Protein chains: 4
Amino acid sequence: MHNRVKESFYKQGLMQTLGAELTAVEKGMVKISCPFTEALTQQNGYFHAGVATSIVDSACGYAALTLMPDDAAVLTVEFKVNFLKPARTSKLIALGKVLQSGKTLTVCEGYVYDSEEQQLIAKMTATMIAVRT
Amino acid sequence: MHNRVKESFYKQGLMQTLGAELTAVEKGMVKISCPFTEALTQQNGYFHAGVATSIVDSACGYAALTLMPDDAAVLTVEFKVNFLKPARTSKLIALGKVLQSGKTLTVCEGYVYDSEEQQLIAKMTATMIAVRT
Amino acid sequence: MHNRVKESFYKQGLMQTLGAELTAVEKGMVKISCPFTEALTQQNGYFHAGVATSIVDSACGYAALTLMPDDAAVLTVEFKVNFLKPARTSKLIALGKVLQSGKTLTVCEGYVYDSEEQQLIAKMTATMIAVRT
Amino acid sequence: MHNRVKESFYKQGLMQTLGAELTAVEKGMVKISCPFTEALTQQNGYFHAGVATSIVDSACGYAALTLMPDDAAVLTVEFKVNFLKPARTSKLIALGKVLQSGKTLTVCEGYVYDSEEQQLIAKMTATMIAVRT
């Protein structure tokens with residue numbers, strides 16, 4: 001399971017472009033972190049909302065994948081993100097957790113924290129779909 | 001108005017990292033495009049959902065900004081995105097449009113199209129807030 | 001198609017409780033209206049957000065159903081609603097339209113207008129799923 | 001605080017029409033339940049998604065209100081709901097909890113459970129706004 005997620009993660013060109021790292025893979029839970037660089041900012045010099053969203057989308061997708069059959073791939077159907085605090089931190093830590101896993105659809109909750117995992121910066125709810133490869 | 005958006009856009013490190021370009025700015029409407037590179041992919045080699053989301057979030061935010069007072073800055077409160085088709089194209093074109101502009105909150109509709117602007121790849125609804133600088 | 005939607009609509013106890021009426025059924029588009037009564041209010045005496053949401057959810061679901069095979073039933077996977085104006089009107093008019101119809105999932109856009117269809121009161125994006133009966 | 005919520009709740013005509021009851025009010029948390037009747041159904045005879053949404057929207061709004069200044073009223077800006085299980089139960093129990101409370105905006109998480117509070121039927125994320133009365 002860990003290898004399956006790891007292999008797919010390193011195929012995501014965007015994760016490498018963002019400098020994101022896969023830091024935990026468990027059944028129904030995946031963590032991805034991303035250190036701050038000026039290449040990832042919005043106009044005020046903090047992390048762009050798109051960075052937080054990209055890593056927590058990947059975290060939710062892979063969390064869903066850990067509970068899917070071996071021949072399934074995962075796609076994002078939709079997500080919603082609320083931005084709770086300015087992303088002013090040295091590292092974003094994204095946590096994706098499965099809320100409900102079904103045969104076709106999986107619903108995940110995603111959380112983006114600051115480097116200390118103290119402040120909740122953004123909250124995602126995502127719907128993922130299993131597609132047969 | 002055009003300069004205000006342009007200036008802010010070029011301060012967004014992420015837009016440069018993605019290779020995104022600001023291609024239109026009108027009252028209540030902004031367009032941003034992003035050519036495909038392997039640096040922007042998910043595991044199947046198409047554009048990552050996070051790229052589409054990042055550029056359409058910026059497009060919606062700037063569309064909102066075009067209708068805000070001069071001393072206001074814009075922040076994303078929340079958004080929801082539905083992914084309608086695989087982002088398999090040579091260029092993503094994101095369009096942000098103001099649906100309703102209020103004193104505090106602005107609601108925008110965002111659209112991400114393929115390079116021909118024929119296929120709707122993703123659809124966003126976003127809530128933006130004006131903050132005094 | 002019209003009969004199939006009509007039959008199902010009149011089985012929805014809630015639509016009768018709200019006093020809602022099915023006013024148009026076309027391929028990919030359904031309209032439901034609901035006249036104001038004090039039984040449908042929130043604390044300020046306007047329509048409760050839940051009424052607007054209930055009728056536009058049904059409108060979106062039935063719009064999706066018009067494009068599904070005869071043996072399919074429709075369920076709501078998720079929706080998001082933005083409330084744009086206070087629902088201070090003598091009648092709510094909800095319009096559900098299919099944005100994209102797939103084999104399994106259908107994405108709809110929903111609009112709730114005032115009695116004159118001049119003011120957009122609420123905007124929904126909904127994901128519907130076809131289930132075999 | 002409890003009285004303020006209670007008073008407002010009993011002004012909501014819709015809550016009475018649905019037969020909903022306010023069952024708990026704490027700082028940042030409100031619970032509303034709603035027993036099943038045929039007046040609240042969708043076409044399969046279960047609770048309509050609109051009922052679950054209506055009570056959890058009210059629960060989230062009032063949870064937000066418990067943390068607002070005395071002269072503030074609360075309005076729903078937007079919400080998103082995922083429907084996780086068919087609402088086939090003798091009573092819906094909606095729980096609204098404040099995730100983040102700000103001067104202008106409050107973000108809430110809403111949960112709709114079955115009568116035993118065992119099954120999570122629906123999950124809401126809502127943005128509320130404080131308006132001065």
# chains A, B, ... in the order shown; residues from 1 in each chain; ligands from 1

$ residues_around --residues "Phe47 of chain C" --least-positions-apart "4" --cutoff "6 Å" --atoms "only C-alpha atoms" --output "list of chain:residue names"
C:Leu40, C:Thr41, C:Ala87

$ write_last_selection --atoms "N, CA and C atoms" --output "short mmCIF file (atom, residue, chain, number, x, y, z; two decimals), in the first residue's frame"
data_model
loop_
_atom_site.label_atom_id
_atom_site.label_comp_id
_atom_site.auth_asym_id
_atom_site.auth_seq_id
_atom_site.Cartn_x
_atom_site.Cartn_y
_atom_site.Cartn_z
N LEU C 40 -42.63 28.70 6.16
CA LEU C 40 -41.36 28.42 5.48
C LEU C 40 -40.25 29.39 5.86
N THR C 41 -40.43 30.11 6.95
CA THR C 41 -39.54 31.24 7.25
C THR C 41 -38.34 30.88 8.13
N ALA C 87 -33.95 36.09 0.83
CA ALA C 87 -35.03 35.47 0.06
C ALA C 87 -36.36 36.11 0.42
#

$ interface_residues --of "chain A" --to "chain C" --cutoff "10 Å" --atoms "only C-alpha atoms" --output "PyMOL selection string"
chain A and resi 77-78+80+104-105+107+126-127+129

$ select_by_dssp --residues "chain D" --states "strand (DSSP E or B)" --output "NGL selection string"
:D and (21-26 or 29-35 or 41 or 47 or 72-83 or 91-101 or 105-113 or 120-132)

$ residues_around --residues "segment 30-38 of chain C" --least-positions-apart "5" --cutoff "10 Å" --atoms "only C-alpha atoms" --output "ChimeraX atom specification"
/C:2,5,9,15-16,18-25,45-47,51-52,55-66,87-98,110-115 /D:11-14,17

$ select_by_dssp --residues "segment 11-48 of chain C" --states "alpha helix (DSSP H)" --output "MDAnalysis selection string"
chainID C and resid 11 13:18

$ write_last_selection --atoms "C-alpha atoms" --output "PDB file, in the first residue's frame"
ATOM      1  CA  LYS C  11     -43.976  11.059  -4.139  1.00  0.00           C
ATOM      2  CA  GLY C  13     -43.686  14.349   0.795  1.00  0.00           C
ATOM      3  CA  LEU C  14     -41.439  17.339   1.458  1.00  0.00           C
ATOM      4  CA  MET C  15     -42.362  19.055  -1.818  1.00  0.00           C
ATOM      5  CA  GLN C  16     -46.046  18.898  -0.809  1.00  0.00           C
ATOM      6  CA  THR C  17     -45.274  20.081   2.715  1.00  0.00           C
ATOM      7  CA  LEU C  18     -43.453  23.086   1.246  1.00  0.00           C
TER       8      LEU C  18
END
